[in-house]
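These notes are about the structure you will find just below.
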Amino acid sequence: MVEGLEAEPAAAATLFGDRIALARAFTRALAEHGEQRGLIGPLELPRLWTRHILNSAIAAPLFPAGGLVGDVGSGAGLPGLVLAIARPDVRWVLIEPMERRVAWLDEQVATLGLENVEVLRARAEEAGRYEGMLDAVTARAVSALRTLIPWTAPLVRDGGELILLKGHNAPNEIDSAQKQIRKFKLSDVRVEVLGEGVLAEETRVVRATVRAS
């Protein structure tokens with residue numbers, strides 16, 4: 001047990017099922033090395049499970065089985081690595097520009113034996129080989145929606161989805177992003193609240209369908 005690390009909430013075993021050992025291993029590694037490597041702040045250990053791991057994992061059922069999904073700005077692996085643990089039936093591309101974070105992601109993929117993950121060192125706008133190819137794109141704590149949409153929407157195939165983890169301000173972000181929503185032909189844009197009655201802190205997700213024409 002890492003000193004100061006939040007005790008594992010009961011919901012963790014439910015959300016990860018037979019993958020819980022991998023989730024524990026990743027959480028422990030992040031607790032041991034995250035602050036030193038600039039991945040998480042010094043105050044995150046007492047809420048690492050609740051605010052970061054489960055906050056990401058609760059979105060796992062939203063992604064299509066057998067799909068190819070991008071995580072833009074993966075950073076410490078939130079939500080991409082957590083989702084890859086929870087959903088081994090989905091292929092994940094973790095898109096991250098910073099070398100030290102890419103090194104961490106590569107290490108964790110190898111250590112955890114995640115065969116459904118590719119780590120790509122690039123900014124979202126430089127990930128051209130995936131343009132229009134991904135079934136869905138996700139991101140967490142990267143940028144405001146009006147900035148995030150131009151980075152993420154071009155990567156999604158016609159009829160695919162943006163599934164973006166956001167905070168309490170999500171409805172206001174949608175209001176502020178109307179120009180970008182129209183430009184990138186997003187439809188059915190809405191906020192979904194996940195984890196009611198399951199998590200101590202609910203997760204808000206902005207979902208939208210991307211149309212190429």
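Letters A, B, ... mark the chains of the structure tokens in the order given; residue numbers begin at 1 per chain; ligand numbers begin at 1, in order shown.
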Give one line per residue of range 92-118 of chain A that approaches range 37-54 of chain A to at most 12 Å, naming the two atoms of the closest pair and their distance in Å to one decimal, counting only C-alpha atoms; sort by chain then ascending residue number and deliver it as CSV.
```
residue,atom,partner,partner_atom,distance
A:Met98,CA,A:Leu39,CA,11.0
A:Glu99,CA,A:Arg37,CA,11.5
A:Arg100,CA,A:Arg37,CA,7.8
A:Arg101,CA,A:Leu39,CA,7.4
A:Val102,CA,A:Leu39,CA,11.0
A:Ala103,CA,A:Arg37,CA,10.4
A:Trp104,CA,A:Arg37,CA,8.5
A:Leu105,CA,A:Leu39,CA,10.7
```
I need the residue nearest Pro88 in chain A from this list: A:Val137, A:Leu164, A:Leu22, A:Leu120. Use only C-alpha atoms for the distance.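 Of all the options, A:Leu22 lies closest to Pro88 in chain A.
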Using DSSP on the backbone, list every residue of range 109-144 of chain A that comes out as strand (DSSP E), and give them as a ChimeraX atom specification. /A:117-121,134-140
Just the selected residues (N, CA and C atoms), exported as a PDB file, in the first residue's frame, please.
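Once everything was written out, this is out-v2.pdb:
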```pdb
ATOM      1  N   VAL A 117      -3.470  -1.711 -27.245  1.00  0.00           N
ATOM      2  CA  VAL A 117      -3.105  -0.291 -27.132  1.00  0.00           C
ATOM      3  C   VAL A 117      -1.915   0.040 -28.028  1.00  0.00           C
ATOM      4  N   GLU A 118      -2.042   1.161 -28.753  1.00  0.00           N
ATOM      5  CA  GLU A 118      -0.912   1.771 -29.464  1.00  0.00           C
ATOM      6  C   GLU A 118      -0.682   3.156 -28.873  1.00  0.00           C
ATOM      7  N   VAL A 119       0.559   3.510 -28.626  1.00  0.00           N
ATOM      8  CA  VAL A 119       0.895   4.847 -28.142  1.00  0.00           C
ATOM      9  C   VAL A 119       1.508   5.626 -29.303  1.00  0.00           C
ATOM     10  N   LEU A 120       0.945   6.776 -29.602  1.00  0.00           N
ATOM     11  CA  LEU A 120       1.404   7.608 -30.720  1.00  0.00           C
ATOM     12  C   LEU A 120       1.879   8.942 -30.168  1.00  0.00           C
ATOM     13  N   ARG A 121       3.152   9.248 -30.368  1.00  0.00           N
ATOM     14  CA  ARG A 121       3.650  10.552 -29.943  1.00  0.00           C
ATOM     15  C   ARG A 121       3.324  11.588 -31.007  1.00  0.00           C
ATOM     16  N   LEU A 134     -11.293   6.893 -36.980  1.00  0.00           N
ATOM     17  CA  LEU A 134     -11.596   6.385 -35.650  1.00  0.00           C
ATOM     18  C   LEU A 134     -13.102   6.295 -35.419  1.00  0.00           C
ATOM     19  N   ASP A 135     -13.515   5.232 -34.740  1.00  0.00           N
ATOM     20  CA  ASP A 135     -14.938   5.062 -34.421  1.00  0.00           C
ATOM     21  C   ASP A 135     -15.379   6.037 -33.336  1.00  0.00           C
ATOM     22  N   ALA A 136     -14.448   6.429 -32.501  1.00  0.00           N
ATOM     23  CA  ALA A 136     -14.741   7.404 -31.446  1.00  0.00           C
ATOM     24  C   ALA A 136     -13.431   8.036 -30.993  1.00  0.00           C
ATOM     25  N   VAL A 137     -13.550   9.220 -30.420  1.00  0.00           N
ATOM     26  CA  VAL A 137     -12.405   9.889 -29.790  1.00  0.00           C
ATOM     27  C   VAL A 137     -12.839  10.364 -28.422  1.00  0.00           C
ATOM     28  N   THR A 138     -11.966  10.177 -27.452  1.00  0.00           N
ATOM     29  CA  THR A 138     -12.220  10.658 -26.105  1.00  0.00           C
ATOM     30  C   THR A 138     -11.085  11.572 -25.663  1.00  0.00           C
ATOM     31  N   ALA A 139     -11.293  12.285 -24.597  1.00  0.00           N
ATOM     32  CA  ALA A 139     -10.276  13.147 -23.988  1.00  0.00           C
ATOM     33  C   ALA A 139     -10.778  13.519 -22.605  1.00  0.00           C
ATOM     34  N   ARG A 140      -9.834  13.848 -21.737  1.00  0.00           N
ATOM     35  CA  ARG A 140     -10.194  14.229 -20.369  1.00  0.00           C
ATOM     36  C   ARG A 140      -9.250  15.324 -19.897  1.00  0.00           C
TER      37      ARG A 140
END
```
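Using only C-alpha atoms, the smallest distance between any of A:Val69, A:Ala11, A:Leu83, A:Leu112 and Ala29 in chain A comes from A:Leu112.
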If you count only C-alpha atoms, the residue of A:Val193, A:Arg182, A:Met133, A:Arg204 closest to Gly167 in chain A turns out to be A:Arg204
Which is closer to Leu148 in chain A than all the others in A:Gly73, A:Pro171, A:Pro64, A:Pro9, using only C-alpha atoms?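 Checking each candidate against Leu148 in chain A, we get A:Gly73 as the closest.
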If you count only C-alpha atoms, which residues fall within 12 Å of Ser176 in chain A, apart from same-chain ones fewer than 2 positions away, as a ChimeraX atom specification? /A:144-149,169-174,178-182
For CA of Leu5 in chain A and CA of Ala31 in chain A, quote the distance in Å rounded to one decimal.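 Between CA of Leu5 in chain A and CA of Ala31 in chain A the gap is 6.8 Å.
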Residues near Gly128 in chain A, cut-off 10 Å, only C-alpha atoms, skip fewer than 5 positions along chain, as a PDB file with all heavy atoms, in the first residue's frame:
```pdb
ATOM      1  N   ALA A 122       2.339  12.407 -30.736  1.00  0.00           N
ATOM      2  CA  ALA A 122       1.894  13.431 -31.685  1.00  0.00           C
ATOM      3  C   ALA A 122       0.863  14.318 -30.996  1.00  0.00           C
ATOM      4  O   ALA A 122       0.237  13.924 -30.016  1.00  0.00           O
ATOM      5  CB  ALA A 122       1.263  12.791 -32.919  1.00  0.00           C
ATOM      6  N   ARG A 123       0.718  15.509 -31.538  1.00  0.00           N
ATOM      7  CA  ARG A 123      -0.443  16.324 -31.181  1.00  0.00           C
ATOM      8  C   ARG A 123      -1.625  15.792 -31.991  1.00  0.00           C
ATOM      9  O   ARG A 123      -1.440  15.158 -33.031  1.00  0.00           O
ATOM     10  CB  ARG A 123      -0.191  17.799 -31.515  1.00  0.00           C
ATOM     11  CG  ARG A 123       0.959  18.400 -30.724  1.00  0.00           C
ATOM     12  CD  ARG A 123       1.119  19.883 -31.038  1.00  0.00           C
ATOM     13  NE  ARG A 123       2.240  20.451 -30.313  1.00  0.00           N
ATOM     14  CZ  ARG A 123       2.189  20.862 -29.058  1.00  0.00           C
ATOM     15  NH1 ARG A 123       1.061  20.778 -28.387  1.00  0.00           N
ATOM     16  NH2 ARG A 123       3.257  21.359 -28.468  1.00  0.00           N
ATOM     17  N   MET A 133     -10.787   8.072 -39.466  1.00  0.00           N
ATOM     18  CA  MET A 133     -10.712   6.616 -39.334  1.00  0.00           C
ATOM     19  C   MET A 133     -11.229   6.075 -38.005  1.00  0.00           C
ATOM     20  O   MET A 133     -11.535   4.884 -37.903  1.00  0.00           O
ATOM     21  CB  MET A 133      -9.264   6.153 -39.508  1.00  0.00           C
ATOM     22  CG  MET A 133      -8.727   6.267 -40.906  1.00  0.00           C
ATOM     23  SD  MET A 133      -7.043   5.595 -41.003  1.00  0.00           S
ATOM     24  CE  MET A 133      -7.287   3.909 -40.405  1.00  0.00           C
ATOM     25  N   PRO A 154     -11.914  15.888 -36.560  1.00  0.00           N
ATOM     26  CA  PRO A 154     -11.373  15.413 -37.839  1.00  0.00           C
ATOM     27  C   PRO A 154     -10.871  13.968 -37.814  1.00  0.00           C
ATOM     28  O   PRO A 154     -10.716  13.345 -38.878  1.00  0.00           O
ATOM     29  CB  PRO A 154     -10.211  16.381 -38.105  1.00  0.00           C
ATOM     30  CG  PRO A 154     -10.568  17.625 -37.367  1.00  0.00           C
ATOM     31  CD  PRO A 154     -11.233  17.130 -36.126  1.00  0.00           C
ATOM     32  N   LEU A 155     -10.625  13.436 -36.633  1.00  0.00           N
ATOM     33  CA  LEU A 155     -10.114  12.065 -36.529  1.00  0.00           C
ATOM     34  C   LEU A 155     -11.227  11.023 -36.596  1.00  0.00           C
ATOM     35  O   LEU A 155     -10.950   9.832 -36.783  1.00  0.00           O
ATOM     36  CB  LEU A 155      -9.341  11.887 -35.220  1.00  0.00           C
ATOM     37  CG  LEU A 155      -8.120  12.792 -35.019  1.00  0.00           C
ATOM     38  CD1 LEU A 155      -7.553  12.600 -33.620  1.00  0.00           C
ATOM     39  CD2 LEU A 155      -7.060  12.503 -36.070  1.00  0.00           C
TER      40      LEU A 155
END
```
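The environment of Ala12 in chain A within 10 Å, counting only C-alpha atoms and disregarding residues fewer than 2 places along the same chain, consists of Glu8, Pro9, Ala10, Thr14, Leu15, Phe16, Gly17, Arg19, Ile20, Ala23, Arg24, Trp49, Thr50, Ile53, Leu54, Ala57, Ile58, Val198 and Leu199 of chain A.
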Which one is closest to Val156 in chain A: A:Ala84, A:Leu62, A:Leu68, A:Val191? Count only C-alpha atoms. A:Leu68
CA of Glu201 in chain A to CA of His168 in chain A: how many Å, to one decimal? 10.9 Å
If you run DSSP over the backbone, which residues in range 15-179 of chain A end up helix (DSSP H, G or I)? Put them as a VMD selection string. chain A and resid 15 to 33 45 to 57 60 to 62 80 to 86 99 to 112 124 to 126 128 to 130 145 to 155 170 to 176 178 to 179
